[in-house]
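Q: Below are the structure tokens for one structure; questions will follow.
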Amino acid sequence: MAQAELERLAAQVRRDVIRMVYQAQSGHPGGALGATDLLVALYFGHMRHVPQPFSETGIGEDVFILSNGHICAAWYAVLARSGYFPLSELATFRRINSRLQGHPATKEKLPGVRVATGSLGQGLSVGIGVALGKRLLGDPHRVYVMLGDGELNEGQIWEAALFAAHHKVDNLIAIVDRNYKQIDGDTRAVMDTDPLEAKWAAFGWAVLSLREAHSLPAILKALEEAVAQSNQGRPVVLIAYTTMGKGVDFMENDYRWHGKPPNTEEYARALAQLPEVLGDF
Amino acid sequence: MRPRYLDTGARDTRSGFGAGLVEAAQKDARIVALAADLMSSVKMDEFARLFPDRFFQAGVAEANMIGVAAGLATVGWIPFVGTFANFAAGRAYDQLRQSVCYSGKNVKIAASHAGLTLGEDGATHQMLEDIGLMRGLPGMTVICPCDYNQTRLATLAAAQWEGPVYLRFGRPPVPNFTPVEDPTFQIGKAQVLLTGKDAVIFATGHMVWQALQAAYALEEEGLEVAVINLHTLKPVDTETVVEWLSRTPVAITAEEHQIHNGLGDIISGVACRYCPRWVYRVAVQDTFGESGKPNELLAKYGLTAAHIAQAVRQALARVE
């Protein structure tokens, strides 16, 4: 897909996120805006995936798991715009009887979701299991797992990091959404995880850093480099330096937008920065 | 003449799991297994030897092991994870809740060394709360077989069951008295081992043998006591439980578990709803265990045939 088209998609997904969270008057806009470019690049420019018919096993295609499930507004918008389910369903986000749960779930059978996430720290382990399962089957496709950087506080992440290196799970690419923000503040104030590259390297992973995590060409190039590093006996992690709240100036780099919807006035200010480019849901 | 169940030689239930796992894997190539540095204790070494490509050592990291199993199940494999009951149900509870049950993953949890009879390792390892934790999870099937033969059969049945299963068994050799092949063993179907009109004992796991011995002792006193093996704690066989509650004036439950949230609560719940009866509970009385030999612990914490027989007498005195 052409770069201009990817950029239009990213712009529209940001607008979708703000509209979903505003309409639900609940959700997590900051992280969702920050990861939008990564998700658009993965789904529209990188992964080999099949939206219809959706296969829960993911055999014969790349599999994505959003371990930091709370930023699902952006993921849902990307899934809908990829054709996994009708765009109109985004209006049901976080409402009763919806398939678009507050955190991703499989119980309601939303196409695109293969495991429930939300309680943090669990998605990397599940991704490793999917990757091992593909290896046992001889399926050459890869598994991508997105992790929040606050989520890296969870001990299970490091259990998983040990396991993946020990078992040479090299068809797995983890992407850390490194925005230096978690609920209670800056990660360096709440629970410092620096130096992050050195930690993953010490655990036996191939480590890539992406400083321009909002440039779609730079993201696509980094993902290609991650693929080049895969299948070489080591799991791969891409640390993407994102800006929480990217695209809405008053949300950028402000940890208070982790899990708060905008009010009417804030909503108008946000939408003024996010013009409708591909048609609203 | 009521049947006499005979001990064919004491064996540990965990070895029944190990044997069942190998047989299940020979029948179904989708079965894989993971262990958390307790492969030998949980008797998964033969599986690992025979199927090295289908076995994954996870190290002392149970939360990750459960997650990896959920991922393998997503692709269509049938993973058995083996560890001690405490580290499965207790330590990795949230992983079982979100990555397995809420996500609807076909993962089998082999929970060994459950209960006081783990013995000398003491209360840190003596899991007595797991039935309550696991039966509270939507979609989880909970099975606690009574001896070696039944644990083997339960493992084979769990492999064919669709959905998550918590299979609870123990460490020490215990009397092996059920048949090698037992068509009456079905997940979700209670087994009527002894019929009787004076009282009914509902027992699970290692306590089934103790319940039989209690019933035989009470025969000497002229009492005819029924013994029901409730190997499946969820889904509970309501029909059989109600039938035997209605046939007898009092019910006694016997479990190697805390008095809260286990078999006693399960039977009381059925009795409250369908057939009110006095329900007397033989269980650990809201306390932690300690180090000791299995039989010493069962005696000290009130989980022997003698304690069950005494509970029957007390219950009957109450209703007379």
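Identifiers in the structure tokens: chain A, B, ... in order shown; residue index from 1 per chain; ligand index from 1 in order shown.
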Quick check: residues of chain A within 6 Å of chain B, only C-alpha atoms, returned as a PDB file with C-alpha atoms, in the first residue's frame.
A:
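Written file, iface-v6.pdb:
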ATOM      1  CA  THR A  57      -6.035 -20.867  14.757  1.00  0.00           C
ATOM      2  CA  THR A 106     -12.760 -14.106  22.392  1.00  0.00           C
ATOM      3  CA  VAL A 115      -6.914 -14.599  23.038  1.00  0.00           C
ATOM      4  CA  ALA A 116      -8.218 -12.353  25.784  1.00  0.00           C
ATOM      5  CA  SER A 125       3.612 -16.134  26.669  1.00  0.00           C
ATOM      6  CA  VAL A 126       0.579 -16.839  24.510  1.00  0.00           C
ATOM      7  CA  GLY A 127       2.419 -15.536  21.450  1.00  0.00           C
ATOM      8  CA  ILE A 128       5.310 -17.867  22.218  1.00  0.00           C
ATOM      9  CA  GLY A 129       2.849 -20.753  22.378  1.00  0.00           C
ATOM     10  CA  VAL A 130       1.372 -19.808  19.002  1.00  0.00           C
ATOM     11  CA  GLY A 133       2.577 -24.355  17.595  1.00  0.00           C
ATOM     12  CA  GLN A 156       5.640 -13.042  33.557  1.00  0.00           C
ATOM     13  CA  GLU A 159       9.641 -15.577  32.403  1.00  0.00           C
ATOM     14  CA  ALA A 160       8.494 -15.497  28.791  1.00  0.00           C
TER      15      ALA A 160
END
Q: What lies within 9 Å of Ala309 in chain B using only C-alpha atoms, ignoring chain neighbours under 5 positions off, as a VMD selection string?
A: chain B and resid 211 213 to 215 217 to 218 304 314
Q: Take the residues that were just selected and, keeping N, CA and C atoms, output them as an mmCIF file, in the first residue's frame.
A:
data_model
loop_
_atom_site.group_PDB
_atom_site.id
_atom_site.type_symbol
_atom_site.label_atom_id
_atom_site.label_comp_id
_atom_site.auth_asym_id
_atom_site.auth_seq_id
_atom_site.Cartn_x
_atom_site.Cartn_y
_atom_site.Cartn_z
ATOM 1 N N ALA B 211 -13.662 -43.321 52.787
ATOM 2 C CA ALA B 211 -15.125 -43.368 52.935
ATOM 3 C C ALA B 211 -15.623 -44.810 52.870
ATOM 4 N N GLN B 213 -13.920 -47.462 53.749
ATOM 5 C CA GLN B 213 -13.551 -48.125 55.001
ATOM 6 C C GLN B 213 -14.499 -47.698 56.127
ATOM 7 N N ALA B 214 -14.911 -46.431 56.105
ATOM 8 C CA ALA B 214 -15.872 -45.965 57.119
ATOM 9 C C ALA B 214 -17.199 -46.706 56.969
ATOM 10 N N ALA B 215 -17.644 -46.869 55.733
ATOM 11 C CA ALA B 215 -18.924 -47.544 55.498
ATOM 12 C C ALA B 215 -18.853 -49.002 55.959
ATOM 13 N N ALA B 217 -16.914 -50.183 58.311
ATOM 14 C CA ALA B 217 -16.879 -50.181 59.775
ATOM 15 C C ALA B 217 -18.289 -49.983 60.341
ATOM 16 N N LEU B 218 -19.058 -49.125 59.679
ATOM 17 C CA LEU B 218 -20.409 -48.849 60.183
ATOM 18 C C LEU B 218 -21.355 -50.030 59.954
ATOM 19 N N THR B 304 -9.555 -39.265 58.333
ATOM 20 C CA THR B 304 -9.432 -40.727 58.216
ATOM 21 C C THR B 304 -10.818 -41.366 58.151
ATOM 22 N N GLN B 314 -22.524 -38.828 64.313
ATOM 23 C CA GLN B 314 -22.977 -37.523 64.820
ATOM 24 C C GLN B 314 -24.161 -37.011 64.005
#
Q: If we count only C-alpha atoms and set the cut-off at 10 Å, which residues sit around Met1 in chain A, ignoring sequence neighbours fewer than 6 positions away in its own chain? Please answer as a PyMOL selection string.
A: chain A and resi 41+44-46
Q: Applying 7 Å and only C-alpha atoms, which residues near Phe93 in chain A remain after dropping the ones on its own chain fewer than 4 positions away? List them as an MDAnalysis selection string.
A: chainID A and resid 20 24 98 100:101
Q: Print the selection's residues with N, CA and C atoms to a file, as an mmCIF file, in the first residue's frame.
A:
data_model
loop_
_atom_site.group_PDB
_atom_site.id
_atom_site.type_symbol
_atom_site.label_atom_id
_atom_site.label_comp_id
_atom_site.auth_asym_id
_atom_site.auth_seq_id
_atom_site.Cartn_x
_atom_site.Cartn_y
_atom_site.Cartn_z
ATOM 1 N N MET A 20 -14.592 6.826 19.299
ATOM 2 C CA MET A 20 -15.030 5.651 20.082
ATOM 3 C C MET A 20 -14.976 5.939 21.581
ATOM 4 N N ALA A 24 -18.205 6.324 24.038
ATOM 5 C CA ALA A 24 -18.362 5.382 25.158
ATOM 6 C C ALA A 24 -18.196 6.087 26.491
ATOM 7 N N SER A 98 -21.983 -5.793 23.135
ATOM 8 C CA SER A 98 -21.039 -5.562 22.039
ATOM 9 C C SER A 98 -20.005 -6.678 21.956
ATOM 10 N N LEU A 100 -17.112 -5.677 20.957
ATOM 11 C CA LEU A 100 -15.930 -4.849 21.196
ATOM 12 C C LEU A 100 -15.827 -4.547 22.686
ATOM 13 N N GLN A 101 -15.328 -5.531 23.409
ATOM 14 C CA GLN A 101 -15.226 -5.406 24.863
ATOM 15 C C GLN A 101 -14.187 -4.350 25.254
#
Q: Report the residues of range 38-217 of chain A whose backbone DSSP state falls under strand (DSSP E or B), written as a VMD selection string.
A: chain A and resid 63 to 66 143 to 148 172 to 178 181 to 182 185 to 186 206 to 210
Q: Quick one: residues within 8 Å of Ile187 in chain B, only C-alpha atoms counted, chain neighbours fewer than 3 positions away excluded, as number ranges by chain?
A: B: 143, 154, 157-158, 231-232
Q: When you draw a straight line from CA of Gly20 in chain B to CA of Leu118 in chain B, how long is it in Å?
A: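 That distance, rounded to one decimal, is 21.0 Å.
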Q: Counting only C-alpha atoms, which residues in range 151-172 of chain B sit no more than 12 Å from range 238-259 of chain B? For each one, give the nearest pair of atoms and the distance in Å, sorted by chain then residue number, as a Markdown table.
A:
| residue | atom | partner | partner_atom | distance |
| --- | --- | --- | --- | --- |
| B:Arg168 | CA | B:Glu256 | CA | 10.9 |
| B:Phe169 | CA | B:Glu256 | CA | 10.5 |
| B:Gly170 | CA | B:Glu256 | CA | 10.1 |
Q: Write the residues of the preceding selection, restricted to C-alpha atoms, as a CSV table (one decimal), in the first residue's frame.
A:
chain,number,residue,atom,x,y,z
B,168,ARG,CA,-6.2,-32.9,40.6
B,169,PHE,CA,-4.2,-35.8,42.1
B,170,GLY,CA,-1.6,-36.6,44.7
Q: Please identify which residues in range 182-304 of chain B DSSP calls alpha helix (DSSP H) from the backbone, and express them as number ranges by chain.
A: B: 207-219, 238-247, 263-274, 294-300
Q: Using C-alpha atoms, can you export the residues from the last selection as a PDB file, in the first residue's frame?
A:
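See out.pdb below for the written result:
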ATOM      1  CA  MET B 207     -10.891 -39.757  50.599  1.00  0.00           C
ATOM      2  CA  VAL B 208     -13.004 -42.201  48.581  1.00  0.00           C
ATOM      3  CA  TRP B 209     -11.043 -45.157  49.954  1.00  0.00           C
ATOM      4  CA  GLN B 210     -11.378 -43.749  53.473  1.00  0.00           C
ATOM      5  CA  ALA B 211     -15.125 -43.368  52.935  1.00  0.00           C
ATOM      6  CA  LEU B 212     -15.419 -47.018  51.885  1.00  0.00           C
ATOM      7  CA  GLN B 213     -13.551 -48.125  55.001  1.00  0.00           C
ATOM      8  CA  ALA B 214     -15.872 -45.965  57.119  1.00  0.00           C
ATOM      9  CA  ALA B 215     -18.924 -47.544  55.498  1.00  0.00           C
ATOM     10  CA  TYR B 216     -17.572 -51.050  56.117  1.00  0.00           C
ATOM     11  CA  ALA B 217     -16.879 -50.181  59.775  1.00  0.00           C
ATOM     12  CA  LEU B 218     -20.409 -48.849  60.183  1.00  0.00           C
ATOM     13  CA  GLU B 219     -21.802 -52.095  58.765  1.00  0.00           C
ATOM     14  CA  THR B 238     -26.780 -33.103  40.237  1.00  0.00           C
ATOM     15  CA  GLU B 239     -29.090 -35.962  39.324  1.00  0.00           C
ATOM     16  CA  THR B 240     -27.112 -38.605  41.212  1.00  0.00           C
ATOM     17  CA  VAL B 241     -26.450 -36.303  44.159  1.00  0.00           C
ATOM     18  CA  VAL B 242     -30.148 -35.455  44.517  1.00  0.00           C
ATOM     19  CA  GLU B 243     -31.113 -39.113  44.179  1.00  0.00           C
ATOM     20  CA  TRP B 244     -28.885 -40.119  47.080  1.00  0.00           C
ATOM     21  CA  LEU B 245     -29.758 -37.105  49.191  1.00  0.00           C
ATOM     22  CA  SER B 246     -33.403 -38.062  48.814  1.00  0.00           C
ATOM     23  CA  ARG B 247     -32.789 -41.742  49.677  1.00  0.00           C
ATOM     24  CA  LEU B 263     -17.012 -30.683  47.937  1.00  0.00           C
ATOM     25  CA  GLY B 264     -18.865 -29.751  51.139  1.00  0.00           C
ATOM     26  CA  ASP B 265     -20.071 -26.526  49.580  1.00  0.00           C
ATOM     27  CA  ILE B 266     -20.927 -28.294  46.324  1.00  0.00           C
ATOM     28  CA  ILE B 267     -23.162 -30.876  48.050  1.00  0.00           C
ATOM     29  CA  SER B 268     -24.650 -28.262  50.381  1.00  0.00           C
ATOM     30  CA  GLY B 269     -25.514 -26.139  47.369  1.00  0.00           C
ATOM     31  CA  VAL B 270     -27.327 -29.005  45.679  1.00  0.00           C
ATOM     32  CA  ALA B 271     -29.080 -29.941  48.949  1.00  0.00           C
ATOM     33  CA  CYS B 272     -30.235 -26.363  49.557  1.00  0.00           C
ATOM     34  CA  ARG B 273     -31.726 -26.080  46.130  1.00  0.00           C
ATOM     35  CA  TYR B 274     -33.224 -29.501  45.496  1.00  0.00           C
ATOM     36  CA  PRO B 294       0.709 -38.494  54.937  1.00  0.00           C
ATOM     37  CA  ASN B 295      -1.139 -40.806  57.320  1.00  0.00           C
ATOM     38  CA  GLU B 296      -0.033 -38.799  60.360  1.00  0.00           C
ATOM     39  CA  LEU B 297      -1.397 -35.664  58.718  1.00  0.00           C
ATOM     40  CA  LEU B 298      -4.700 -37.267  57.782  1.00  0.00           C
ATOM     41  CA  ALA B 299      -5.072 -38.420  61.397  1.00  0.00           C
ATOM     42  CA  LYS B 300      -4.140 -35.066  62.942  1.00  0.00           C
TER      43      LYS B 300
END
Q: Counting only C-alpha atoms, figure out which residue out of A:Ala11, A:Ala218, A:Ala174, A:Ile65 gets nearest to Ala161 in chain A.
A: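 Looking at the shortest contact to Ala161 in chain A, the residue is A:Ala174.
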Q: So the first atom is CA of Val248 in chain A and the second is CA of Glu154 in chain A; what is the distance between them in Å, to one decimal place?
A: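 CA of Glu154 in chain A lies at a distance of 29.2 Å from CA of Val248 in chain A.
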Q: At a cut-off of 10 Å, using only C-alpha atoms, what residues contact Lys234 in chain B? Leave out same-chain residues fewer than 5 positions from it and give the result as a PyMOL selection string.
A: chain B and resi 131+134-136+139-144+165-166+187-188+263+266
Q: Store the residues of this selection in a file with N, CA and C atoms, as a JSON list (two decimals), in the first residue's frame.
A:
[["chain", "number", "residue", "atom", "x", "y", "z"],
["B", 131, "ILE", "N", -9.74, -26.63, 44.74],
["B", 131, "ILE", "CA", -11.06, -26.99, 44.19],
["B", 131, "ILE", "C", -11.93, -25.75, 44.14],
["B", 134, "MET", "N", -10.70, -23.34, 41.36],
["B", 134, "MET", "CA", -10.91, -23.81, 39.99],
["B", 134, "MET", "C", -12.38, -23.94, 39.64],
["B", 135, "ARG", "N", -13.22, -24.35, 40.61],
["B", 135, "ARG", "CA", -14.62, -24.51, 40.23],
["B", 135, "ARG", "C", -15.31, -23.17, 40.07],
["B", 136, "GLY", "N", -14.68, -22.12, 40.56],
["B", 136, "GLY", "CA", -15.24, -20.78, 40.38],
["B", 136, "GLY", "C", -14.99, -20.20, 39.00],
["B", 139, "GLY", "N", -16.32, -22.31, 32.70],
["B", 139, "GLY", "CA", -15.75, -23.15, 31.64],
["B", 139, "GLY", "C", -14.75, -24.18, 32.11],
["B", 140, "MET", "N", -14.32, -24.10, 33.36],
["B", 140, "MET", "CA", -13.34, -25.07, 33.85],
["B", 140, "MET", "C", -14.04, -26.33, 34.33],
["B", 141, "THR", "N", -13.53, -27.48, 33.88],
["B", 141, "THR", "CA", -13.98, -28.78, 34.39],
["B", 141, "THR", "C", -12.99, -29.22, 35.46],
["B", 142, "VAL", "N", -13.49, -29.70, 36.59],
["B", 142, "VAL", "CA", -12.62, -30.05, 37.72],
["B", 142, "VAL", "C", -12.81, -31.52, 38.07],
["B", 143, "ILE", "N", -11.70, -32.28, 37.99],
["B", 143, "ILE", "CA", -11.76, -33.72, 38.24],
["B", 143, "ILE", "C", -10.72, -34.10, 39.29],
["B", 144, "CYS", "N", -11.15, -34.91, 40.25],
["B", 144, "CYS", "CA", -10.26, -35.35, 41.32],
["B", 144, "CYS", "C", -10.43, -36.87, 41.47],
["B", 165, "VAL", "N", -9.51, -28.37, 31.52],
["B", 165, "VAL", "CA", -9.74, -29.34, 32.59],
["B", 165, "VAL", "C", -8.68, -29.15, 33.67],
["B", 166, "TYR", "N", -9.12, -29.12, 34.91],
["B", 166, "TYR", "CA", -8.21, -29.15, 36.06],
["B", 166, "TYR", "C", -8.26, -30.55, 36.65],
["B", 187, "ILE", "N", -16.53, -38.44, 32.74],
["B", 187, "ILE", "CA", -16.47, -37.08, 33.29],
["B", 187, "ILE", "C", -17.90, -36.59, 33.53],
["B", 188, "GLY", "N", -18.15, -36.09, 34.73],
["B", 188, "GLY", "CA", -19.45, -35.52, 35.04],
["B", 188, "GLY", "C", -20.47, -36.51, 35.54],
["B", 263, "LEU", "N", -15.92, -29.72, 48.09],
["B", 263, "LEU", "CA", -17.01, -30.68, 47.94],
["B", 263, "LEU", "C", -18.16, -30.41, 48.92],
["B", 266, "ILE", "N", -20.24, -27.82, 47.54],
["B", 266, "ILE", "CA", -20.93, -28.29, 46.32],
["B", 266, "ILE", "C", -22.18, -29.09, 46.72]]
Q: Please provide as a count of residues only all residues within 8 Å of His49 in chain A, with the sequence filter that same-chain residues fewer than 5 positions apart are discarded (counting only C-alpha atoms).
A: 4
Q: Nearest to Ile78 in chain B among B:Gln160, B:Thr8, B:Ser40, B:Thr13, with distances taken over only C-alpha atoms: which residue is it?
A: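 Answer, going by the shortest atom-to-atom distance: B:Gln160.
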Q: Which value, in Å to one decimal, gives the distance between CA of Ile228 in chain B and CA of Lys108 in chain B?
A: 25.1 Å
